[in-house]
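Asks: This is the structure I want to talk about, given as structure tokens.
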Amino acid sequence: MSPVEADPLARLLDVPVASATSVGGGSICDARRARLSDGRTIFVKTRASAPAGFFSSEVNGLERLGAARQGAAVPRVLAHDDECLVLEWIATGVPSVQAAERFGRALAATHRHGADRFGSADGDGWIATLPLPGGPWESWPRMWVQGRIEPYLRMARKAGAIDKRSAADVERVIEDIDRLAGPAEPPSMLHGDLWAGNVLWAEDGTNYLIDPAAHGGHRETDLAMLALFGLPHLDRVLAAYHEASPLADGWRERTALHQLHPVLVHAVLFGGSYGAQAGQLARLALRGG
């Protein structure tokens, strides 16, 4: 971090910055570990010319997730402005079975905390660099179709990131959503972008949620996202979750349905094989897993 960059951070925190080093893990924001003159170590995310409300939306999401009694931990927010977010530094450790089981129970508590609507209480937000509609919607099937599948299918088509057959199969899911959605549930408080990289395994055995797209949704969505790119000890997480908050019959068969949105997002952002994968998930969803 150059002196030019450090000075605004020092003004934001009212503490001089002693040193800073880049850390990996993100493609949207620049991330750094900084040491302050008072001895604290912090995590700093910056994004030049970030859209209005970009970091405040993340702060609101962390606060909502952190409000759940006995829920999954979130890092403490120290400061933020339009182009910067400062969090406590979380020292990472090695994933363990014991931590996985604690995380499963804690995530169940976060979901049980609930939300007052399907959608975001803060309006529209972001999923990676793409806009994320905030709703609200009267039911989860309507949210999934109108706020998660249709917008990103349109973007994928416009970008040429999905072929005609795959797009047609996604359309079939949209048409059949009421049958495919499973039993109705009240809105859960979701992380909303819960791939494995957004779960930190801390050295003290706690799992922290980071980079949320928090909203009220269906709890199976977070669980399906954990499975999409592979979380260590996922079987123990799911077993502990199911013991704490039993899932409705057929939840495993609905995994493909809940993975469809994040794969469409990846198709829009990265192209490649993600459009074809969306078609495969749509066909799995239509067959019931």
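Identifiers in this document derive from the order of the structure tokens: chains are assigned A, B, ..., residues are numbered from 1 separately in each chain, and ligands are numbered from 1 in order of occurrence.
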Counting only C-alpha atoms, which residues of region 217-256 of chain A fall within 12 Å of region 125-149 of chain A, and what is the closest atom pair for each with its distance in Å at one decimal, ordered by chain and rising number, as JSON lines?
Replies:
{"residue": "A:Gly217", "atom": "CA", "partner": "A:Trp140", "partner_atom": "CA", "distance": 6.4}
{"residue": "A:His218", "atom": "CA", "partner": "A:Trp140", "partner_atom": "CA", "distance": 6.7}
{"residue": "A:Arg219", "atom": "CA", "partner": "A:Trp140", "partner_atom": "CA", "distance": 10.4}
{"residue": "A:Glu220", "atom": "CA", "partner": "A:Trp140", "partner_atom": "CA", "distance": 11.2}
{"residue": "A:Thr221", "atom": "CA", "partner": "A:Trp144", "partner_atom": "CA", "distance": 10.1}
Asks: Give me a file of those residues, with N, CA and C atoms, as a PDB file, in the first residue's frame.
Replies:
ATOM      1  N   GLY A 217     -34.235 -15.726   1.713  1.00  0.00           N
ATOM      2  CA  GLY A 217     -34.406 -16.688   0.634  1.00  0.00           C
ATOM      3  C   GLY A 217     -34.672 -18.072   1.176  1.00  0.00           C
ATOM      4  N   HIS A 218     -34.387 -19.068   0.363  1.00  0.00           N
ATOM      5  CA  HIS A 218     -34.600 -20.467   0.746  1.00  0.00           C
ATOM      6  C   HIS A 218     -33.290 -21.029   1.264  1.00  0.00           C
ATOM      7  N   ARG A 219     -33.316 -21.637   2.447  1.00  0.00           N
ATOM      8  CA  ARG A 219     -32.076 -22.094   3.076  1.00  0.00           C
ATOM      9  C   ARG A 219     -31.341 -23.136   2.246  1.00  0.00           C
ATOM     10  N   GLU A 220     -32.056 -23.907   1.419  1.00  0.00           N
ATOM     11  CA  GLU A 220     -31.383 -24.894   0.587  1.00  0.00           C
ATOM     12  C   GLU A 220     -30.416 -24.236  -0.407  1.00  0.00           C
ATOM     13  N   THR A 221     -30.619 -22.959  -0.702  1.00  0.00           N
ATOM     14  CA  THR A 221     -29.742 -22.264  -1.649  1.00  0.00           C
ATOM     15  C   THR A 221     -28.330 -22.159  -1.099  1.00  0.00           C
TER      16      THR A 221
END
Asks: What are the nearest atom pairs, with distances in Å to one decimal, for all residues of region 106-200 of chain A that come at most 7 Å from region 260-272 of chain A, using only C-alpha atoms, set out by chain and rising residue number as a tab-separated table?
Replies:
residue	atom	partner	partner_atom	distance
A:Arg148	CA	A:His261	CA	5.8
A:Ile149	CA	A:His261	CA	5.7
A:Tyr152	CA	A:Leu264	CA	5.9
A:Leu153	CA	A:Leu264	CA	6.5
A:Met155	CA	A:Val268	CA	6.2
A:Ala156	CA	A:Val268	CA	4.9
A:Ala159	CA	A:Val268	CA	6.7
A:Ala161	CA	A:Gly271	CA	5.1
Asks: Could you list, with a cut-off of 10 Å and counting only C-alpha atoms, the residues of region 177-262 of chain A near region 96-120 of chain A, each shown with its nearest atom pair and the distance in Å rounded to one decimal, rows sorted by chain and ascending number, as CSV?
Replies:
residue,atom,partner,partner_atom,distance
A:Pro186,CA,A:Gly114,CA,7.6
A:Pro187,CA,A:Ala115,CA,5.5
A:Ser188,CA,A:Gly114,CA,4.2
A:Met189,CA,A:Gly114,CA,4.7
A:Leu190,CA,A:His111,CA,6.2
A:His191,CA,A:His111,CA,8.9
A:Val199,CA,A:Phe103,CA,9.6
A:Trp201,CA,A:Ala99,CA,7.9
A:Ala202,CA,A:Ala99,CA,9.1
A:Asp204,CA,A:Ala99,CA,9.2
A:Gly205,CA,A:Ala99,CA,5.3
A:Thr206,CA,A:Ala99,CA,6.3
A:Asn207,CA,A:Phe103,CA,6.1
A:Tyr208,CA,A:Phe103,CA,8.7
A:Leu209,CA,A:Leu107,CA,9.5
A:Ala213,CA,A:Ser120,CA,8.9
A:Ala214,CA,A:Ser120,CA,7.0
A:His215,CA,A:Ser120,CA,4.5
A:Gly216,CA,A:Phe118,CA,4.6
A:Gly217,CA,A:Phe118,CA,5.3
A:His218,CA,A:Phe118,CA,8.4
A:Arg219,CA,A:His111,CA,6.3
A:Glu220,CA,A:His111,CA,9.8
A:Asp222,CA,A:Leu107,CA,9.2
A:Leu223,CA,A:Leu107,CA,9.4
A:Leu231,CA,A:Ala100,CA,9.4
A:Pro232,CA,A:Ala100,CA,7.9
A:His233,CA,A:Ala100,CA,6.2
A:Leu234,CA,A:Ala100,CA,7.3
A:Asp235,CA,A:Ala100,CA,8.8
A:Arg236,CA,A:Glu101,CA,5.6
A:Val237,CA,A:Gly104,CA,4.3
A:Leu238,CA,A:Gly104,CA,6.1
A:Ala239,CA,A:Gly104,CA,7.4
A:Ala240,CA,A:Gly104,CA,5.0
A:Tyr241,CA,A:Gly104,CA,4.4
A:His242,CA,A:Ala108,CA,8.1
A:Glu243,CA,A:Arg105,CA,8.0
A:Ala244,CA,A:Arg105,CA,5.8
A:Ser245,CA,A:Ala108,CA,6.0
A:Pro246,CA,A:Ala108,CA,9.2
Asks: From a DSSP calculation on the backbone, collect every residue of region 153-264 of chain A in alpha helix (DSSP H) and output the set as a ChimeraX atom specification.
Replies: /A:153-158,164-175,177-180,219-228,234-244,255-264
Asks: Under the rule that only C-alpha atoms are counted, which of A:Glu175, A:Ser19, A:Leu228, A:Asp169 is the nearest residue to Trp195 (chain A)?
Replies: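 Nearest candidate to Trp195 (chain A) out of A:Glu175, A:Ser19, A:Leu228, A:Asp169: A:Leu228.
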Asks: Excluding Ser37 (chain A) and residues on its chain fewer than 3 positions from it, collect all residues at most 10 Å away from it, counting only C-alpha atoms, and give them as a list in words.
Replies: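 My reading of the contact set: Ala10, Val15, Pro16, Val17, Ala18, Ser19, Ala34, Arg40 and Thr41 of chain A.
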